[in-house]
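Coordinates as given in data_16.cif (mmCIF, C-alpha atoms):
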data_target
#
loop_
_atom_site.label_atom_id
_atom_site.label_comp_id
_atom_site.auth_asym_id
_atom_site.auth_seq_id
_atom_site.Cartn_x
_atom_site.Cartn_y
_atom_site.Cartn_z
CA MET I 636 0.00 0.00 0.00
CA LYS I 637 1.27 3.44 -0.92
CA SER I 638 0.97 6.41 1.40
CA PHE I 639 -1.83 8.83 0.55
CA GLN I 640 0.57 11.31 -1.03
CA GLU I 641 2.26 8.55 -3.06
CA ALA I 642 -1.12 7.37 -4.32
CA VAL I 643 -2.05 10.90 -5.38
CA THR I 644 1.27 11.32 -7.19
CA ALA I 645 0.91 7.95 -8.95
CA ARG I 646 -2.66 8.58 -10.11
CA ARG I 647 -2.86 9.15 -13.87
CA SER I 648 -5.38 8.75 -16.68
CA ILE I 649 -4.82 5.31 -18.23
CA TYR I 650 -6.64 4.74 -21.52
CA LYS I 651 -5.37 1.37 -22.73
CA LEU I 652 -7.13 -1.05 -20.39
CA GLY I 653 -7.86 -4.76 -20.32
CA ARG I 654 -9.69 -7.32 -18.20
CA ASN I 655 -6.98 -9.34 -16.48
CA ILE I 656 -7.24 -7.31 -13.28
CA PRO I 657 -5.01 -8.00 -10.24
CA VAL I 658 -7.81 -7.80 -7.64
CA LEU I 659 -11.11 -9.49 -6.85
CA GLN I 660 -14.48 -7.92 -7.67
CA SER I 661 -15.24 -7.98 -3.94
CA GLN I 662 -12.18 -5.81 -3.24
CA ILE I 663 -13.31 -3.21 -5.78
CA ILE I 664 -16.83 -3.17 -4.34
CA ALA I 665 -15.55 -2.85 -0.75
CA THR I 666 -13.27 0.02 -1.73
CA VAL I 667 -16.03 1.93 -3.53
CA GLU I 668 -18.42 1.41 -0.63
CA ARG I 669 -15.83 2.57 1.91
CA MET I 670 -14.90 5.70 -0.03
CA THR I 671 -18.55 6.58 -0.63
CA LYS I 672 -19.21 6.31 3.09
CA ASP I 673 -16.11 8.17 4.28
CA VAL I 674 -15.62 11.04 1.81
CA PRO I 675 -17.18 14.19 3.33
CA SER I 676 -20.03 16.25 1.93
CA PRO I 677 -21.31 19.74 2.86
CA PHE I 678 -23.79 19.75 5.74
CA ASN I 679 -23.36 15.94 5.58
CA MET I 680 -26.00 15.93 2.85
CA GLN I 681 -24.58 12.78 1.18
CA SER I 682 -26.11 13.55 -2.21
CA ALA I 683 -23.62 11.49 -4.25
CA ARG I 684 -24.76 8.15 -5.63
CA VAL I 685 -22.53 5.49 -7.21
CA VAL I 686 -23.26 2.57 -9.55
CA VAL I 687 -20.53 -0.05 -10.07
CA THR I 688 -20.76 -2.04 -13.30
CA MET I 689 -18.49 -4.84 -14.47
CA LEU I 690 -18.07 -6.95 -17.59
CA ASP I 691 -21.37 -7.32 -19.51
CA HIS I 692 -23.12 -4.61 -17.47
CA HIS I 693 -20.16 -2.31 -18.18
CA GLU I 694 -20.37 -3.20 -21.89
CA ASN I 695 -24.01 -2.09 -21.94
CA ILE I 696 -22.97 1.45 -20.99
CA TRP I 697 -20.53 1.74 -23.87
CA ASP I 698 -22.94 0.15 -26.37
CA ILE I 699 -25.44 2.85 -25.38
CA THR I 700 -22.74 5.51 -25.71
CA LYS I 701 -21.72 4.27 -29.14
CA SER I 702 -25.31 4.31 -30.38
CA ALA I 703 -25.87 7.81 -28.98
CA LEU I 704 -22.70 9.14 -30.61
CA GLN I 705 -23.57 7.54 -33.94
CA ARG I 706 -26.64 9.78 -34.01
CA VAL I 707 -24.66 13.00 -33.56
CA VAL I 708 -21.19 12.37 -35.05
CA PRO I 709 -20.83 12.83 -38.83
CA GLU I 710 -20.62 9.48 -40.62
CA GLU I 711 -17.18 10.19 -42.08
CA GLU I 712 -15.81 10.85 -38.57
CA PHE I 713 -17.52 8.02 -36.72
CA ALA I 714 -14.83 5.36 -37.22
CA LYS I 715 -12.42 7.26 -35.01
CA THR I 716 -15.13 7.82 -32.39
CA GLU I 717 -16.08 4.15 -32.47
CA GLU I 718 -12.46 3.12 -31.93
CA LYS I 719 -12.28 5.35 -28.86
CA ILE I 720 -15.49 3.94 -27.36
CA ASN I 721 -14.36 0.38 -28.11
CA GLY I 722 -11.26 1.15 -26.05
CA PHE I 723 -13.41 2.03 -23.04
CA GLU I 724 -15.58 -1.05 -23.59
CA ALA I 725 -12.47 -3.28 -23.58
CA ALA I 726 -11.86 -2.36 -19.92
CA TYR I 727 -13.17 -4.37 -16.97
CA GLY I 728 -15.76 -2.00 -15.57
CA THR I 729 -17.28 1.44 -15.27
CA ILE I 730 -18.29 3.33 -12.15
CA LEU I 731 -21.13 5.80 -12.68
CA PHE I 732 -21.23 8.87 -10.45
CA TYR I 733 -24.56 10.57 -9.80
CA GLU I 734 -26.03 13.44 -7.81
CA GLU I 735 -29.39 12.86 -6.15
CA SER I 736 -31.26 16.04 -7.04
CA ASP I 737 -34.04 15.61 -4.47
CA THR I 738 -31.48 15.61 -1.66
CA ILE I 739 -29.97 18.86 -2.92
CA TYR I 740 -33.43 20.42 -3.27
CA GLU I 741 -34.36 19.46 0.30
CA MET I 742 -31.16 21.07 1.59
CA GLN I 743 -31.97 24.23 -0.37
CA LYS I 744 -35.39 24.37 1.27
CA LYS I 745 -33.97 23.69 4.73
CA TYR I 746 -31.21 26.30 4.41
CA PRO I 747 -32.54 28.94 2.00
CA ALA I 748 -29.72 31.38 2.75
CA TYR I 749 -27.32 28.91 1.14
CA ALA I 750 -29.65 27.65 -1.59
CA ASP I 751 -27.52 28.80 -4.52
CA ASN I 752 -24.45 27.14 -3.06
CA PHE I 753 -25.75 23.59 -2.57
CA PRO I 754 -25.40 22.50 -6.24
CA ILE I 755 -21.85 23.90 -6.25
CA TRP I 756 -20.97 22.18 -2.99
CA ALA I 757 -22.50 18.93 -4.22
CA ALA I 758 -20.35 19.04 -7.35
CA GLN I 759 -17.26 19.66 -5.23
CA ALA I 760 -18.09 16.73 -2.95
CA ASN I 761 -18.73 14.47 -5.94
CA GLY I 762 -15.36 15.48 -7.34
CA MET I 763 -13.70 14.55 -4.05
CA LEU I 764 -15.43 11.17 -4.14
CA GLN I 765 -14.30 10.54 -7.71
CA PHE I 766 -10.74 11.46 -6.79
CA ALA I 767 -10.75 9.27 -3.68
CA ILE I 768 -12.04 6.23 -5.57
CA TRP I 769 -9.68 6.88 -8.48
CA SER I 770 -6.65 7.07 -6.16
CA ALA I 771 -7.76 3.97 -4.24
CA LEU I 772 -8.22 1.92 -7.43
CA GLU I 773 -4.82 3.04 -8.69
CA ASP I 774 -3.33 1.92 -5.38
CA MET I 775 -4.88 -1.51 -6.02
CA GLY I 776 -2.99 -1.77 -9.33
CA LEU I 777 -5.87 -0.78 -11.62
CA GLY I 778 -5.80 1.72 -14.47
CA VAL I 779 -8.49 4.39 -14.50
CA ASN I 780 -9.82 7.22 -16.65
CA ILE I 781 -12.87 9.46 -16.34
CA GLN I 782 -15.32 10.29 -19.12
CA HIS I 783 -18.28 12.67 -19.41
CA TYR I 784 -20.95 11.50 -21.85
CA ASN I 785 -23.66 12.43 -19.36
CA MET I 786 -26.26 14.25 -21.42
CA LEU I 787 -26.09 11.75 -24.28
CA ILE I 788 -26.61 8.60 -22.24
CA ASP I 789 -28.23 9.53 -18.93
CA GLU I 790 -31.81 8.49 -19.68
CA ASP I 791 -30.92 5.24 -21.47
CA VAL I 792 -28.55 4.20 -18.68
CA LYS I 793 -31.24 4.92 -16.08
CA LYS I 794 -33.58 2.60 -17.94
CA ILE I 795 -31.26 -0.39 -18.18
CA PHE I 796 -30.26 -0.18 -14.51
CA ASN I 797 -33.70 0.94 -13.28
CA LEU I 798 -32.33 4.01 -11.51
CA PRO I 799 -34.47 6.77 -9.94
CA GLY I 800 -35.35 9.79 -12.06
CA SER I 801 -33.81 12.08 -9.42
CA TRP I 802 -30.32 10.64 -10.04
CA ASP I 803 -28.35 12.93 -12.36
CA LEU I 804 -25.31 11.39 -14.06
CA VAL I 805 -22.13 13.46 -13.74
CA ALA I 806 -19.22 11.18 -14.71
CA GLN I 807 -18.21 7.71 -15.88
CA MET I 808 -15.04 6.16 -14.42
CA VAL I 809 -13.56 3.40 -16.57
CA PHE I 810 -11.21 0.91 -14.88
CA GLY I 811 -9.29 -2.22 -15.74
CA GLU I 812 -5.94 -3.88 -16.28
CA VAL I 813 -3.13 -1.49 -17.15
CA LEU I 814 -1.97 -2.39 -20.66
CA GLU I 815 0.10 0.71 -21.34
CA LYS I 816 1.66 3.24 -18.98
CA PRO I 817 0.94 6.90 -19.73
CA ALA I 818 3.61 9.19 -21.16
CA PRO I 819 5.11 11.82 -18.82
CA ILE I 820 3.25 15.11 -18.71
CA ASP I 821 4.47 18.62 -18.10
CA LYS I 822 3.45 20.33 -14.88
CA LEU I 823 3.62 23.99 -14.00
CA SER I 824 6.02 24.74 -11.19
CA THR I 825 4.36 24.88 -7.78
CA GLY I 826 5.66 28.44 -7.47
CA GLU I 827 3.29 29.44 -10.27
CA ARG I 828 0.30 27.86 -8.57
CA VAL I 829 0.92 28.05 -4.81
CA LYS I 830 1.52 31.21 -2.77
CA ILE I 831 2.89 30.90 0.77
CA PHE I 832 2.62 33.53 3.51
CA ARG I 833 4.22 32.60 6.80
CA ARG I 834 6.06 34.07 9.72
CA VAL I 835 9.74 33.05 9.71
#
Written as structure tokens, how would this file's structure read?
Amino acid sequence: MKSFQEAVTARRSIYKLGRNIPVLQSQIIATVERMTKDVPSPFNMQSARVVVTMLDHHENIWDITKSALQRVVPEEEFAKTEEKINGFEAAYGTILFYEESDTIYEMQKKYPAYADNFPIWAAQANGMLQFAIWSALEDMGLGVNIQHYNMLIDEDVKKIFNLPGSWDLVAQMVFGEVLEKPAPIDKLSTGERVKIFRRV
């Protein structure tokens, strides 16, 4: 197990993924459940919802995505799009991240002075949950990337998994066996992004 900081440093977007994963399904499920329980949310509203799909259930998501994209991508450009979606489908699973809109609405009614902030805070908390799960899966030896085909697939995905209408899809996290390490990326110096004020 890496330290938290090591896991954060090691976390990268991995796009070439396979199905020979180094962990059990039960370990993935336990990790997602633990992170969902333990990651904080504003006013403890717990509006995030998570759906874990693997193998054929995961494939259904990307079949839906491919069909949706075929309706909006020009025919002469679709082959490249299809190749990209097939790459996601070749992975082991997909975790769907949702926000439960009724929960947010109830918090807005309960605390009207903060009403405009609750959707913003919910998005921040969902981002923290995504990051926590991503880092944890990476620490387990899995490759991960995040996609955002929300508006194209939300309703069809709700139907196949029989999800409540108040669940709003915000991200799709693809995971699987690491088949290819990512290339190094350039980072801005911390001096350009972090300002320190302290008494010496």
Which residues are close to range 691-699 of chain I, i.e. within 8 Å by only C-alpha atoms, leaving aside same-chain residues fewer than 2 positions away? Reply as a short mmCIF file (atom, residue, chain, number, x, y, z; two decimals) with C-alpha atoms, in the frame of the given file.
data_model
loop_
_atom_site.label_atom_id
_atom_site.label_comp_id
_atom_site.auth_asym_id
_atom_site.auth_seq_id
_atom_site.Cartn_x
_atom_site.Cartn_y
_atom_site.Cartn_z
CA THR I 688 -20.76 -2.04 -13.30
CA MET I 689 -18.49 -4.84 -14.47
CA LYS I 701 -21.72 4.27 -29.14
CA SER I 702 -25.31 4.31 -30.38
CA ALA I 703 -25.87 7.81 -28.98
CA ILE I 720 -15.49 3.94 -27.36
CA ASN I 721 -14.36 0.38 -28.11
CA PHE I 723 -13.41 2.03 -23.04
CA GLU I 724 -15.58 -1.05 -23.59
CA TYR I 727 -13.17 -4.37 -16.97
CA GLY I 728 -15.76 -2.00 -15.57
CA THR I 729 -17.28 1.44 -15.27
CA ILE I 788 -26.61 8.60 -22.24
CA ASP I 791 -30.92 5.24 -21.47
CA VAL I 792 -28.55 4.20 -18.68
#
Please report as a tab-separated table every residue of range 732-829 of chain I lying within 8 Å of range 653-662 of chain I, along with the nearest atom pair and their distance in Å (one decimal), using all atoms listed in the file.
residue	atom	partner	partner_atom	distance
I:Met775	CA	I:Val658	CA	7.1
I:Gly776	CA	I:Pro657	CA	6.6
I:Leu777	CA	I:Ile656	CA	6.9
I:Gly811	CA	I:Gly653	CA	5.4
I:Glu812	CA	I:Gly653	CA	4.6
I:Val813	CA	I:Gly653	CA	6.6
I:Leu814	CA	I:Gly653	CA	6.4
Can I get the selection written as a PDB file, in the coordinates of the input, with C-alpha atoms?
ATOM      1  CA  MET I 775      -4.880  -1.510  -6.020  1.00  0.00           C
ATOM      2  CA  GLY I 776      -2.990  -1.770  -9.330  1.00  0.00           C
ATOM      3  CA  LEU I 777      -5.870  -0.780 -11.620  1.00  0.00           C
ATOM      4  CA  GLY I 811      -9.290  -2.220 -15.740  1.00  0.00           C
ATOM      5  CA  GLU I 812      -5.940  -3.880 -16.280  1.00  0.00           C
ATOM      6  CA  VAL I 813      -3.130  -1.490 -17.150  1.00  0.00           C
ATOM      7  CA  LEU I 814      -1.970  -2.390 -20.660  1.00  0.00           C
TER       8      LEU I 814
END
Next on the checklist: My list of candidates is I:Val686, I:Ile663, I:Ala725, I:Met670. Which is closest to Phe766 in chain I when distances are computed with all atoms listed in the file?
Outcome noted: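 Looking at the shortest contact to Phe766 in chain I, the residue is I:Met670.
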Next on the checklist: For a test of reading the model, state the distance in Å between CA of Pro677 in chain I and CA of Gln759 in chain I, rounded to one decimal.
Outcome noted: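 If I compute the distance from CA of Pro677 in chain I to CA of Gln759 in chain I, I get 9.0 Å.
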Next on the checklist: If I take CA of Ala642 in chain I and CA of Arg833 in chain I, how far is one from the other in Å, to one decimal?
Outcome noted: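 Computing the Euclidean distance for CA of Ala642 in chain I and CA of Arg833 in chain I yields 28.1 Å.
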Item to check | Residues matched by the PyMOL selection byres ((chain I and resi 684) around 12), written as number ranges by chain | outcome: I: 667-668, 670-672, 680-683, 685-687, 730-738, 757-758, 760-761, 764-765, 798-799, 801-806
Next on the checklist: Applying 10 Å and all atoms listed in the file, which residues near range 638-641 of chain I remain after dropping the ones on its own chain fewer than 4 positions away? List them as an MDAnalysis selection string.
Outcome noted: chainID I and resid 645:646 767 770:771 774
Checklist entry - How many Å separate CA of Lys816 in chain I from CA of Val779 in chain I? => result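 Going from CA of Lys816 in chain I over to CA of Val779 in chain I, I get 11.2 Å.
Compared by their closest atoms to Asp789 in chain I, and using only C-alpha atoms, the residues I:Ala818, I:Leu823, I:Pro747, I:Gln807 rank with I:Gln807 nearest.
Restricting the calculation to only C-alpha atoms, the smallest distance between Glu773 in chain I and any of I:Phe810, I:Leu787, I:Gly800, I:Val674 is found for I:Phe810.
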Next on the checklist: Using only C-alpha atoms, can you tell me which of I:Glu815, I:Thr700, I:Trp756, I:Gly826 comes closest to Glu790 in chain I?
Outcome noted: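 Under the stated criterion, the closest residue is I:Thr700.
With only C-alpha atoms as the atoms that count, the minimum distance from Met742 in chain I to the choices I:Phe678, I:Asn780, I:Lys719, I:Ile768 is reached by I:Phe678.
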